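This report concerns only the one structure given below.
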Amino acid sequence: MLELLRRTEWALFLDLVSPSFFEVLPGGVLRRELATLFSSTRDRSGFGGLRRAQGPELEALGITWAEWGRGTPSPLDAPARRRQGQAALRLYFRQLLRWDEVVVDLRSAAFALEADRLHWAPRALWTRWEPGFRDGIRDIYRGFYTGDDARFRSGLAATGLLPGEDVFRAVFGADDQRSVAFSVTGFQRTFHDVFVRCREAGARLPGGVLPLGLTLGCLYQHLEMLGGTFDVRAAFAAEAGE
């Protein structure tokens with residue numbers, strides 16, 4: 001399945017994550033998750049229902065669903081790039097903290113900013129969060145941003161990522177997440193280090209790691225392209241009510 005996807009247009013998503021990403025997921029889990037994601041691209045009815053259901057929430061963020069192929073967006077000045085980046089961060093946290101589904105495509109090519117309205121035209125690559133994994137990731141973020149160390153570690157344990165705790169702490173603690181520069185290479189290196197630790201510890205990662213990693217890879221590509229730094233803590237607080 002993985003090699004099949006690498007021969008399609010979806011390879012550009014797979015290329016955003018570290019190769020070690022695919023070495024730590026059990027074979028059966030990896031095949032199931034890839035099959036689910038691949039089938040989502042042909043589920044027009046399901047994706048249409050998701051768009052209708054989440055449209056009002058997007059509007060509240062200043063984001064509008066759009067159709068793929070809107071054309072090349074106009075160049076943005078620095079304030080506009082920052083607004084777009086903060087909106088993308090809030091969208092990431094909105095999907096993680098409030099939605100049952102995740103739409104993977106947060107790449108820069110899926111967005112166009114016109115005046116104060118951000119148009120989002122993602123490829124139809126999506127899935128539903130596994131409840132246990134979703135809750136674990138929520139505990140990781142909420143634990144970190146509220147200073148609840150026990151919740152942070154509980155979330156890492158629930159997602160199979162506890163062996164990479166030191167890496168997460170180093171990344172999460174940088175600049176208190178108020179002024180973060182994004183790099184796809186840095187993201188790949190970070191997750192490689194986490195997965196190496198997980199592999200050495202014999203951890204068995206759950207399937208939710210795949211859509212999370214792909215979504216994060218897309219987000220990092222988007223924010224790296226925009227340039228500058230972004231206030232991740234503010235984006236999280238806006239969506240978490242912290």
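Residues in the structure tokens are named by chain (A, B, ... in the order shown) and by number from 1 within that chain; ligands are numbered from 1 in the order shown.
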Members of stretch 9-153 of chain A assigned helix (DSSP H, G or I) by DSSP, as a count of residues only = 82
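Using only C-alpha atoms, the residues found no farther than 8 Å from A:Trp65, other than those of its own chain fewer than 3 positions away, are Arg51, Gly55, Leu58, His119, Trp120 and Ala121 of chain A.
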Same residues, all heavy atoms, saved as a PDB file, in the first residue's frame:
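And here's result_10.pdb as it stands now:
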```pdb
ATOM      1  N   ARG A  51     -17.634  18.872   5.283  1.00  0.00           N
ATOM      2  CA  ARG A  51     -17.556  20.296   4.936  1.00  0.00           C
ATOM      3  C   ARG A  51     -18.807  21.049   5.379  1.00  0.00           C
ATOM      4  O   ARG A  51     -18.711  22.161   5.921  1.00  0.00           O
ATOM      5  CB  ARG A  51     -17.341  20.452   3.425  1.00  0.00           C
ATOM      6  CG  ARG A  51     -15.927  20.103   2.966  1.00  0.00           C
ATOM      7  CD  ARG A  51     -15.860  19.970   1.444  1.00  0.00           C
ATOM      8  NE  ARG A  51     -16.223  21.211   0.785  1.00  0.00           N
ATOM      9  CZ  ARG A  51     -15.377  21.982   0.093  1.00  0.00           C
ATOM     10  NH1 ARG A  51     -14.099  21.644   0.015  1.00  0.00           N
ATOM     11  NH2 ARG A  51     -15.789  23.069  -0.513  1.00  0.00           N
ATOM     12  N   GLY A  55     -18.475  23.800   8.328  1.00  0.00           N
ATOM     13  CA  GLY A  55     -18.451  25.127   7.706  1.00  0.00           C
ATOM     14  C   GLY A  55     -18.644  26.277   8.675  1.00  0.00           C
ATOM     15  O   GLY A  55     -17.869  27.249   8.658  1.00  0.00           O
ATOM     16  N   LEU A  58     -15.544  26.938  10.713  1.00  0.00           N
ATOM     17  CA  LEU A  58     -14.501  27.580   9.919  1.00  0.00           C
ATOM     18  C   LEU A  58     -14.792  29.066   9.744  1.00  0.00           C
ATOM     19  O   LEU A  58     -13.883  29.906   9.833  1.00  0.00           O
ATOM     20  CB  LEU A  58     -14.381  26.907   8.549  1.00  0.00           C
ATOM     21  CG  LEU A  58     -13.776  25.508   8.503  1.00  0.00           C
ATOM     22  CD1 LEU A  58     -13.697  25.032   7.063  1.00  0.00           C
ATOM     23  CD2 LEU A  58     -12.400  25.481   9.146  1.00  0.00           C
ATOM     24  N   HIS A 119      -9.277  31.352   2.328  1.00  0.00           N
ATOM     25  CA  HIS A 119      -9.968  30.276   1.631  1.00  0.00           C
ATOM     26  C   HIS A 119      -9.141  28.998   1.740  1.00  0.00           C
ATOM     27  O   HIS A 119      -7.933  29.010   1.485  1.00  0.00           O
ATOM     28  CB  HIS A 119     -10.176  30.645   0.162  1.00  0.00           C
ATOM     29  CG  HIS A 119     -11.006  31.881  -0.022  1.00  0.00           C
ATOM     30  ND1 HIS A 119     -12.380  31.870   0.002  1.00  0.00           N
ATOM     31  CD2 HIS A 119     -10.646  33.180  -0.220  1.00  0.00           C
ATOM     32  CE1 HIS A 119     -12.848  33.089  -0.171  1.00  0.00           C
ATOM     33  NE2 HIS A 119     -11.812  33.901  -0.315  1.00  0.00           N
ATOM     34  N   TRP A 120      -9.813  27.906   2.112  1.00  0.00           N
ATOM     35  CA  TRP A 120      -9.139  26.618   2.302  1.00  0.00           C
ATOM     36  C   TRP A 120      -9.721  25.620   1.317  1.00  0.00           C
ATOM     37  O   TRP A 120     -10.914  25.319   1.363  1.00  0.00           O
ATOM     38  CB  TRP A 120      -9.337  26.142   3.734  1.00  0.00           C
ATOM     39  CG  TRP A 120      -8.617  24.870   4.091  1.00  0.00           C
ATOM     40  CD1 TRP A 120      -7.446  24.411   3.557  1.00  0.00           C
ATOM     41  CD2 TRP A 120      -9.017  23.922   5.086  1.00  0.00           C
ATOM     42  NE1 TRP A 120      -7.087  23.227   4.150  1.00  0.00           N
ATOM     43  CE2 TRP A 120      -8.021  22.908   5.098  1.00  0.00           C
ATOM     44  CE3 TRP A 120     -10.098  23.833   5.964  1.00  0.00           C
ATOM     45  CZ2 TRP A 120      -8.102  21.813   5.953  1.00  0.00           C
ATOM     46  CZ3 TRP A 120     -10.175  22.747   6.819  1.00  0.00           C
ATOM     47  CH2 TRP A 120      -9.185  21.745   6.822  1.00  0.00           C
ATOM     48  N   ALA A 121      -8.884  25.125   0.423  1.00  0.00           N
ATOM     49  CA  ALA A 121      -9.303  24.164  -0.600  1.00  0.00           C
ATOM     50  C   ALA A 121      -8.443  22.912  -0.482  1.00  0.00           C
ATOM     51  O   ALA A 121      -7.564  22.650  -1.326  1.00  0.00           O
ATOM     52  CB  ALA A 121      -9.181  24.779  -1.989  1.00  0.00           C
TER      53      ALA A 121
END
```
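For the pair atom CA of A:Phe236 and atom CA of A:Thr36, the separation is 28.0 Å.
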For each of A:Gly62, A:Gly164, A:Gly173, A:Gly208, take the minimum atom-to-atom distance to A:Arg233, counting only C-alpha atoms, then give the residue where this is smallest.
->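 Closest to A:Arg233, using only C-alpha atoms: A:Gly173.
The environment of stretch 83-85 of chain A within 8 Å, counting only C-alpha atoms and disregarding residues fewer than 2 places along the same chain, consists of Pro79, Ala80, Arg81, Ala87, Ala88, Leu89, Leu113, Leu118, His222, Leu223, Leu226 and Phe230 of chain A.
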Would you kindly return, as an NGL selection string, each protein, DNA or RNA residue with an atom no farther than 9 Å from any atom of A:Leu37, considering only C-alpha atoms and excluding same-chain residues fewer than 6 positions away?
-> :A and (125-127 or 211)
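Once A:Ala237 and its same-chain neighbours fewer than 2 positions away are set aside, Arg90, Phe93, Arg142, Tyr145, Thr146, Val232, Arg233, Ala234, Ala235, Glu239, Ala240, Gly241 and Glu242 of chain A remain within 10 Å of it when counting only C-alpha atoms.
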Tell me which of A:Asp105, A:Asp139, A:Asp100, A:Asp193 sits closest to A:Val167, counting only C-alpha atoms.
-> A:Asp193
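Closest to A:Leu162 among A:Glu200, A:Asp231, A:Glu33, A:Glu101 is A:Glu200, based on only C-alpha atoms.
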Which is closer to A:Gly46 than all the others in A:Ile63, A:Leu76, A:Val103, A:Leu25, using only C-alpha atoms?
->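 Once distances to A:Gly46 are computed over only C-alpha atoms, the minimum belongs to A:Val103.
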Closest to A:Val29 among A:Gly186, A:Gly217, A:Gly207, A:Gly48, using only C-alpha atoms?
-> A:Gly207
Could you give me the residues within stretch 90-192 of chain A that DSSP places in strand (DSSP E or B), as a PyMOL selection string?
-> chain A and resi 101-103+111-114+117-120+126-128+180
Work out how far apart atom CA of A:Pro56 and atom CA of A:Gly213 are and give it in Å to one decimal.
->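 So the answer is 26.3 Å.
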What does the distance from atom CA of A:Ile140 to atom CA of A:Leu96 come to in Å, to one decimal?
->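 Computing the Euclidean distance for atom CA of A:Ile140 and atom CA of A:Leu96 yields 11.4 Å.
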